[in-house]
Amino acid sequence: MKITRTLILGASGSTGSKLVEQLLLRNENNHVRAIVRSKEWFYQSVAASDRLEVIEASLLDMNPEEFKEAVKDCDAVCSCLGHNLSMKGIYGQPRRLVVDAIERVCKTIKVIGPSTPVKVILMGSDGVANPDGKDNKRALIERIIIGCVRVCVPPHRDNEAAADFLYGIIGMQDPMIEWVVVRPTDLIDGEVSSYDTFDKPTRGLFGDGNATRANVAHFMNELVVNGETWEKWRSKMPFLLN
């Protein structure tokens, strides 16, 4: 079986750390490379492994050569990046963390010039509309609320911009990059359990339903290692619901 190497951004977070663990547990051919701001913090939630390479750095502050070495030889790049739910995390810098990271990943992949496409998997949210316009039209009150959130909450604009970049700039025919944007509903803690994926949100912003971070990590794991799952969702924005 082919050895796969996956770069994970946001590996110290609640979802990213679970993705690291699940990829390593999946089989012995999975190798993981993680960029984290603090190794000490990271190893409090993830066990060391000879198949795990940890790079301690601030992602957007890495110089081009350092970042190129991080991306080099990777079959997939998974972004579990997000903004801390604090005043500094929501309104402080960097306000474009997610989209700047995704743009940098894609630019670096093109510099490397891989012979086969690299999978880029982005964790977004169900509040981000698919730019293809095929999502169900939201109720008026939801459209008003999302409009207000877009203006007042920079992280939402960041997630929208990242999805727009993959859909509009990378597109569906890039010879070096293929992508999926995973859109989970309300995130909660919990173990891996039964979940469903749909091509668009099936509930309103205030409907019942949630998604465990472990299930989001499990689905991203499937996208990395399961060819059938990848072909089903490539260039799409699946909605995930427990």
# chains A, B, ... in the order shown; residues from 1 in each chain; ligands from 1
>>> closest_atom_pairs(of="segment 77-149 of chain A", to="segment 237-242 of chain A", cutoff="12 Å", atoms="only C-alpha atoms", output="Markdown table")
| residue | atom | partner | partner_atom | distance |
| --- | --- | --- | --- | --- |
| A:Ile121 | CA | A:Met237 | CA | 10.0 |
| A:Leu122 | CA | A:Met237 | CA | 9.3 |
| A:Met123 | CA | A:Met237 | CA | 9.6 |
| A:Gly124 | CA | A:Met237 | CA | 8.9 |
| A:Ser125 | CA | A:Phe239 | CA | 8.3 |
| A:Asp126 | CA | A:Phe239 | CA | 6.6 |
| A:Gly127 | CA | A:Phe239 | CA | 10.3 |
| A:Val128 | CA | A:Met237 | CA | 9.5 |
| A:Ala129 | CA | A:Met237 | CA | 8.9 |
| A:Asn130 | CA | A:Met237 | CA | 6.6 |
| A:Pro131 | CA | A:Met237 | CA | 9.4 |
| A:Asp132 | CA | A:Met237 | CA | 9.7 |
| A:Gly133 | CA | A:Met237 | CA | 11.5 |
| A:Lys134 | CA | A:Met237 | CA | 10.7 |
| A:Asp135 | CA | A:Met237 | CA | 10.0 |
>>> residues_around(residues="segment 222-227 of chain A", least_positions_apart="3", cutoff="8 Å", atoms="only C-alpha atoms", output="list of chain:residue names")
A:Thr4, A:Thr6, A:Ala76, A:Lys119, A:Ile121, A:His218, A:Phe219, A:Trp230, A:Glu231
>>> write_last_selection(atoms="N, CA, C and O atoms", output="PDB file, in the first residue's frame")
ATOM      1  N   THR A   4       1.257   7.528   2.430  1.00  0.00           N
ATOM      2  CA  THR A   4       0.719   8.872   2.237  1.00  0.00           C
ATOM      3  C   THR A   4       1.280   9.793   3.310  1.00  0.00           C
ATOM      4  O   THR A   4       1.521   9.387   4.443  1.00  0.00           O
ATOM      5  N   THR A   6       0.479  13.579   4.960  1.00  0.00           N
ATOM      6  CA  THR A   6      -0.516  14.642   5.049  1.00  0.00           C
ATOM      7  C   THR A   6       0.006  15.768   5.915  1.00  0.00           C
ATOM      8  O   THR A   6       0.467  15.531   7.039  1.00  0.00           O
ATOM      9  N   ALA A  76      -1.545  15.357   0.637  1.00  0.00           N
ATOM     10  CA  ALA A  76      -2.737  16.115   1.023  1.00  0.00           C
ATOM     11  C   ALA A  76      -2.337  17.184   2.031  1.00  0.00           C
ATOM     12  O   ALA A  76      -1.386  17.020   2.792  1.00  0.00           O
ATOM     13  N   LYS A 119      -4.235  16.937  -2.703  1.00  0.00           N
ATOM     14  CA  LYS A 119      -5.558  17.187  -2.142  1.00  0.00           C
ATOM     15  C   LYS A 119      -5.472  18.328  -1.123  1.00  0.00           C
ATOM     16  O   LYS A 119      -4.643  18.281  -0.219  1.00  0.00           O
ATOM     17  N   ILE A 121      -7.835  20.078   1.633  1.00  0.00           N
ATOM     18  CA  ILE A 121      -9.102  19.859   2.338  1.00  0.00           C
ATOM     19  C   ILE A 121      -9.258  20.942   3.391  1.00  0.00           C
ATOM     20  O   ILE A 121      -8.418  21.074   4.286  1.00  0.00           O
ATOM     21  N   HIS A 218     -12.958  12.494  11.220  1.00  0.00           N
ATOM     22  CA  HIS A 218     -13.116  11.194  10.569  1.00  0.00           C
ATOM     23  C   HIS A 218     -13.404  11.351   9.088  1.00  0.00           C
ATOM     24  O   HIS A 218     -12.838  10.638   8.234  1.00  0.00           O
ATOM     25  N   PHE A 219     -14.282  12.292   8.745  1.00  0.00           N
ATOM     26  CA  PHE A 219     -14.616  12.508   7.335  1.00  0.00           C
ATOM     27  C   PHE A 219     -13.411  13.057   6.566  1.00  0.00           C
ATOM     28  O   PHE A 219     -13.143  12.628   5.428  1.00  0.00           O
ATOM     29  N   TRP A 230     -13.046  10.434  -1.984  1.00  0.00           N
ATOM     30  CA  TRP A 230     -12.496  11.631  -2.624  1.00  0.00           C
ATOM     31  C   TRP A 230     -13.168  11.914  -3.967  1.00  0.00           C
ATOM     32  O   TRP A 230     -13.546  13.052  -4.253  1.00  0.00           O
ATOM     33  N   GLU A 231     -13.332  10.902  -4.782  1.00  0.00           N
ATOM     34  CA  GLU A 231     -13.933  11.110  -6.093  1.00  0.00           C
ATOM     35  C   GLU A 231     -15.378  11.591  -5.972  1.00  0.00           C
ATOM     36  O   GLU A 231     -15.857  12.362  -6.793  1.00  0.00           O
TER      37      GLU A 231
END
>>> select_by_dssp(residues="segment 86-234 of chain A", states="strand (DSSP E)", output="PyMOL selection string")
chain A and resi 118-123+177-184+187-188+196-198+211-212
>>> residues_around(residues="Gly204 of chain A", least_positions_apart="5", cutoff="12 Å", atoms="only C-alpha atoms", output="short mmCIF file (atom, residue, chain, number, x, y, z; two decimals) with all heavy atoms, in the first residue's frame")
data_model
loop_
_atom_site.label_atom_id
_atom_site.label_comp_id
_atom_site.auth_asym_id
_atom_site.auth_seq_id
_atom_site.Cartn_x
_atom_site.Cartn_y
_atom_site.Cartn_z
N ASP A 126 -21.19 25.53 8.04
CA ASP A 126 -22.41 25.53 7.24
C ASP A 126 -22.95 26.94 7.01
O ASP A 126 -23.90 27.13 6.25
CB ASP A 126 -23.48 24.64 7.87
CG ASP A 126 -23.94 25.11 9.24
OD1 ASP A 126 -23.25 25.96 9.83
OD2 ASP A 126 -24.98 24.62 9.73
N GLY A 127 -22.34 27.94 7.66
CA GLY A 127 -22.74 29.31 7.40
C GLY A 127 -22.15 29.87 6.12
O GLY A 127 -22.53 30.96 5.67
N ASP A 135 -26.84 25.96 -3.33
CA ASP A 135 -27.44 25.76 -2.00
C ASP A 135 -28.89 26.23 -2.01
O ASP A 135 -29.25 27.13 -2.79
CB ASP A 135 -26.67 26.56 -0.94
CG ASP A 135 -25.36 25.91 -0.55
OD1 ASP A 135 -25.08 24.79 -1.03
OD2 ASP A 135 -24.61 26.52 0.22
N ASN A 136 -29.70 25.64 -1.16
CA ASN A 136 -31.08 26.11 -1.04
C ASN A 136 -31.10 27.56 -0.56
O ASN A 136 -30.26 27.96 0.26
CB ASN A 136 -31.85 25.23 -0.05
CG ASN A 136 -32.01 23.80 -0.55
OD1 ASN A 136 -32.06 23.57 -1.76
ND2 ASN A 136 -32.08 22.86 0.37
N LYS A 137 -32.04 28.32 -1.05
CA LYS A 137 -32.14 29.72 -0.64
C LYS A 137 -32.56 29.78 0.82
O LYS A 137 -33.53 29.14 1.25
CB LYS A 137 -33.17 30.45 -1.50
CG LYS A 137 -33.21 31.96 -1.23
CD LYS A 137 -34.14 32.66 -2.21
CE LYS A 137 -34.15 34.16 -1.95
NZ LYS A 137 -35.06 34.87 -2.91
N ARG A 138 -31.82 30.54 1.60
CA ARG A 138 -32.13 30.65 3.03
C ARG A 138 -33.33 31.56 3.26
O ARG A 138 -33.64 32.42 2.44
CB ARG A 138 -30.91 31.18 3.78
CG ARG A 138 -29.74 30.22 3.81
CD ARG A 138 -28.66 30.71 4.77
NE ARG A 138 -27.51 29.81 4.84
CZ ARG A 138 -27.44 28.75 5.61
NH1 ARG A 138 -28.47 28.43 6.39
NH2 ARG A 138 -26.36 27.98 5.64
N ALA A 139 -33.95 31.38 4.41
CA ALA A 139 -35.05 32.26 4.80
C ALA A 139 -34.53 33.69 4.95
O ALA A 139 -33.34 33.91 5.20
CB ALA A 139 -35.64 31.78 6.13
N LEU A 140 -35.41 34.66 4.78
CA LEU A 140 -35.01 36.06 4.81
C LEU A 140 -34.29 36.41 6.09
O LEU A 140 -33.24 37.07 6.06
CB LEU A 140 -36.25 36.95 4.64
CG LEU A 140 -35.99 38.47 4.76
CD1 LEU A 140 -35.01 38.92 3.68
CD2 LEU A 140 -37.32 39.23 4.66
N ILE A 141 -34.80 35.96 7.23
CA ILE A 141 -34.17 36.31 8.50
C ILE A 141 -32.76 35.75 8.58
O ILE A 141 -31.84 36.39 9.10
CB ILE A 141 -35.03 35.82 9.69
CG1 ILE A 141 -34.43 36.30 11.02
CG2 ILE A 141 -35.18 34.31 9.67
CD1 ILE A 141 -34.38 37.79 11.18
N GLU A 142 -32.54 34.55 8.03
CA GLU A 142 -31.20 33.97 8.03
C GLU A 142 -30.26 34.76 7.12
O GLU A 142 -29.09 34.96 7.45
CB GLU A 142 -31.25 32.51 7.60
CG GLU A 142 -31.93 31.60 8.61
CD GLU A 142 -31.77 30.13 8.28
OE1 GLU A 142 -31.14 29.83 7.24
OE2 GLU A 142 -32.26 29.30 9.04
N ARG A 143 -30.76 35.21 5.98
CA ARG A 143 -29.92 36.01 5.07
C ARG A 143 -29.53 37.32 5.73
O ARG A 143 -28.39 37.80 5.58
CB ARG A 143 -30.65 36.26 3.75
CG ARG A 143 -30.99 34.97 2.99
CD ARG A 143 -31.24 35.22 1.51
NE ARG A 143 -32.27 36.20 1.25
CZ ARG A 143 -33.57 35.92 1.15
NH1 ARG A 143 -33.98 34.67 1.34
NH2 ARG A 143 -34.45 36.85 0.87
N ILE A 145 -29.25 37.82 9.01
CA ILE A 145 -28.30 37.51 10.08
C ILE A 145 -26.91 37.23 9.49
O ILE A 145 -25.89 37.74 10.00
CB ILE A 145 -28.79 36.31 10.91
CG1 ILE A 145 -30.01 36.72 11.72
CG2 ILE A 145 -27.69 35.79 11.82
CD1 ILE A 145 -30.70 35.57 12.42
N ILE A 146 -26.83 36.44 8.42
CA ILE A 146 -25.53 36.15 7.81
C ILE A 146 -24.89 37.42 7.27
O ILE A 146 -23.68 37.62 7.37
CB ILE A 146 -25.68 35.08 6.70
CG1 ILE A 146 -25.99 33.72 7.34
CG2 ILE A 146 -24.42 34.99 5.85
CD1 ILE A 146 -26.23 32.62 6.33
N THR A 185 -22.09 21.32 10.56
CA THR A 185 -23.02 22.16 11.30
C THR A 185 -22.41 22.44 12.68
O THR A 185 -21.21 22.30 12.88
CB THR A 185 -24.41 21.49 11.39
OG1 THR A 185 -25.34 22.42 11.90
CG2 THR A 185 -24.37 20.23 12.23
N ASP A 186 -23.22 22.84 13.65
CA ASP A 186 -22.71 23.29 14.95
C ASP A 186 -21.79 22.25 15.59
O ASP A 186 -22.19 21.11 15.84
CB ASP A 186 -23.89 23.57 15.90
CG ASP A 186 -24.83 24.61 15.34
OD1 ASP A 186 -24.39 25.42 14.50
OD2 ASP A 186 -26.01 24.61 15.74
N GLY A 209 -29.60 19.83 15.35
CA GLY A 209 -28.50 19.09 14.74
C GLY A 209 -27.15 19.64 15.14
O GLY A 209 -27.00 20.83 15.45
N ASN A 210 -26.15 18.77 15.14
CA ASN A 210 -24.79 19.17 15.44
C ASN A 210 -23.84 18.17 14.81
O ASN A 210 -24.26 17.19 14.19
CB ASN A 210 -24.57 19.28 16.96
CG ASN A 210 -25.12 18.08 17.71
OD1 ASN A 210 -24.84 16.94 17.36
ND2 ASN A 210 -25.94 18.33 18.73
#
>>> select_by_dssp(residues="segment 120-237 of chain A", states="alpha helix (DSSP H)", output="number ranges by chain")
A: 140-152, 154-164, 213-225, 227-233
>>> atom_distance(atom1="atom CA of Thr116 of chain A", atom2="atom CA of Asn30 of chain A")
17.8 Å
>>> residues_around(residues="Lys18 of chain A", least_positions_apart="6", cutoff="10 Å", atoms="only C-alpha atoms", output="number ranges by chain")
A: 11-12, 24, 45-46, 191-192, 213-218, 221
>>> write_last_selection(atoms="all heavy atoms", output="mmCIF file, in the first residue's frame")
data_model
loop_
_atom_site.group_PDB
_atom_site.id
_atom_site.type_symbol
_atom_site.label_atom_id
_atom_site.label_comp_id
_atom_site.auth_asym_id
_atom_site.auth_seq_id
_atom_site.Cartn_x
_atom_site.Cartn_y
_atom_site.Cartn_z
ATOM 1 N N ALA A 11 -3.179 21.918 13.669
ATOM 2 C CA ALA A 11 -3.133 20.586 14.283
ATOM 3 C C ALA A 11 -3.279 20.611 15.796
ATOM 4 O O ALA A 11 -3.562 19.582 16.409
ATOM 5 C CB ALA A 11 -1.825 19.883 13.904
ATOM 6 N N SER A 12 -3.087 21.779 16.415
ATOM 7 C CA SER A 12 -3.229 21.870 17.872
ATOM 8 C C SER A 12 -4.674 22.063 18.305
ATOM 9 O O SER A 12 -4.991 21.938 19.486
ATOM 10 C CB SER A 12 -2.391 23.033 18.425
ATOM 11 O OG SER A 12 -1.029 22.807 18.223
ATOM 12 N N LEU A 24 -3.000 8.630 12.006
ATOM 13 C CA LEU A 24 -1.935 7.747 12.475
ATOM 14 C C LEU A 24 -2.483 6.379 12.858
ATOM 15 O O LEU A 24 -1.810 5.356 12.679
ATOM 16 C CB LEU A 24 -1.203 8.379 13.653
ATOM 17 C CG LEU A 24 -0.386 9.636 13.327
ATOM 18 C CD1 LEU A 24 0.169 10.253 14.606
ATOM 19 C CD2 LEU A 24 0.748 9.319 12.351
ATOM 20 N N SER A 45 -2.024 16.800 23.914
ATOM 21 C CA SER A 45 -3.224 16.129 23.411
ATOM 22 C C SER A 45 -2.934 15.047 22.380
ATOM 23 O O SER A 45 -3.815 14.239 22.063
ATOM 24 C CB SER A 45 -4.195 17.158 22.797
ATOM 25 O OG SER A 45 -3.567 17.889 21.763
ATOM 26 N N VAL A 46 -1.715 15.017 21.834
ATOM 27 C CA VAL A 46 -1.366 14.041 20.799
ATOM 28 C C VAL A 46 -0.090 13.307 21.201
ATOM 29 O O VAL A 46 0.901 13.944 21.579
ATOM 30 C CB VAL A 46 -1.164 14.723 19.432
ATOM 31 C CG1 VAL A 46 -0.742 13.701 18.383
ATOM 32 C CG2 VAL A 46 -2.441 15.436 18.991
ATOM 33 N N GLU A 191 -17.240 11.625 20.685
ATOM 34 C CA GLU A 191 -16.491 10.595 19.973
ATOM 35 C C GLU A 191 -17.029 10.411 18.559
ATOM 36 O O GLU A 191 -18.064 10.957 18.189
ATOM 37 C CB GLU A 191 -16.579 9.276 20.748
ATOM 38 C CG GLU A 191 -16.038 9.348 22.169
ATOM 39 C CD GLU A 191 -14.597 9.811 22.205
ATOM 40 O OE1 GLU A 191 -13.809 9.350 21.356
ATOM 41 O OE2 GLU A 191 -14.258 10.642 23.077
ATOM 42 N N VAL A 192 -16.301 9.626 17.762
ATOM 43 C CA VAL A 192 -16.757 9.286 16.419
ATOM 44 C C VAL A 192 -18.058 8.487 16.530
ATOM 45 O O VAL A 192 -18.169 7.559 17.335
ATOM 46 C CB VAL A 192 -15.696 8.456 15.668
ATOM 47 C CG1 VAL A 192 -16.236 8.013 14.307
ATOM 48 C CG2 VAL A 192 -14.424 9.255 15.495
ATOM 49 N N ARG A 213 -16.594 17.134 16.610
ATOM 50 C CA ARG A 213 -15.299 17.409 15.976
ATOM 51 C C ARG A 213 -14.626 16.109 15.545
ATOM 52 O O ARG A 213 -13.926 16.079 14.530
ATOM 53 C CB ARG A 213 -14.420 18.198 16.940
ATOM 54 C CG ARG A 213 -14.957 19.606 17.219
ATOM 55 C CD ARG A 213 -14.155 20.346 18.277
ATOM 56 N NE ARG A 213 -14.622 21.721 18.435
ATOM 57 C CZ ARG A 213 -15.614 22.071 19.245
ATOM 58 N NH1 ARG A 213 -16.232 21.147 19.982
ATOM 59 N NH2 ARG A 213 -15.996 23.334 19.326
ATOM 60 N N ALA A 214 -14.853 15.050 16.312
ATOM 61 C CA ALA A 214 -14.288 13.753 15.947
ATOM 62 C C ALA A 214 -14.867 13.255 14.624
ATOM 63 O O ALA A 214 -14.162 12.642 13.814
ATOM 64 C CB ALA A 214 -14.548 12.737 17.055
ATOM 65 N N ASN A 215 -16.154 13.498 14.385
ATOM 66 C CA ASN A 215 -16.762 13.083 13.118
ATOM 67 C C ASN A 215 -16.238 13.909 11.952
ATOM 68 O O ASN A 215 -16.046 13.381 10.848
ATOM 69 C CB ASN A 215 -18.282 13.197 13.203
ATOM 70 C CG ASN A 215 -18.908 12.029 13.944
ATOM 71 O OD1 ASN A 215 -18.278 11.004 14.151
ATOM 72 N ND2 ASN A 215 -20.162 12.189 14.356
ATOM 73 N N VAL A 216 -16.018 15.194 12.175
ATOM 74 C CA VAL A 216 -15.436 16.033 11.123
ATOM 75 C C VAL A 216 -14.038 15.518 10.780
ATOM 76 O O VAL A 216 -13.680 15.374 9.606
ATOM 77 C CB VAL A 216 -15.374 17.506 11.569
ATOM 78 C CG1 VAL A 216 -14.695 18.358 10.490
ATOM 79 C CG2 VAL A 216 -16.770 18.038 11.855
ATOM 80 N N ALA A 217 -13.247 15.213 11.806
ATOM 81 C CA ALA A 217 -11.907 14.666 11.579
ATOM 82 C C ALA A 217 -11.987 13.329 10.851
ATOM 83 O O ALA A 217 -11.184 13.049 9.949
ATOM 84 C CB ALA A 217 -11.186 14.503 12.915
ATOM 85 N N HIS A 218 -12.958 12.494 11.220
ATOM 86 C CA HIS A 218 -13.116 11.194 10.569
ATOM 87 C C HIS A 218 -13.404 11.351 9.088
ATOM 88 O O HIS A 218 -12.838 10.638 8.234
ATOM 89 C CB HIS A 218 -14.241 10.413 11.253
ATOM 90 C CG HIS A 218 -14.416 9.022 10.721
ATOM 91 N ND1 HIS A 218 -15.190 8.743 9.620
ATOM 92 C CD2 HIS A 218 -13.895 7.836 11.134
ATOM 93 C CE1 HIS A 218 -15.160 7.443 9.380
ATOM 94 N NE2 HIS A 218 -14.376 6.868 10.283
ATOM 95 N N ASN A 221 -10.345 12.488 7.300
ATOM 96 C CA ASN A 221 -9.494 11.302 7.204
ATOM 97 C C ASN A 221 -9.905 10.459 5.997
ATOM 98 O O ASN A 221 -9.059 10.031 5.192
ATOM 99 C CB ASN A 221 -9.630 10.515 8.510
ATOM 100 C CG ASN A 221 -8.750 9.287 8.584
ATOM 101 O OD1 ASN A 221 -8.107 8.883 7.628
ATOM 102 N ND2 ASN A 221 -8.732 8.661 9.749
#
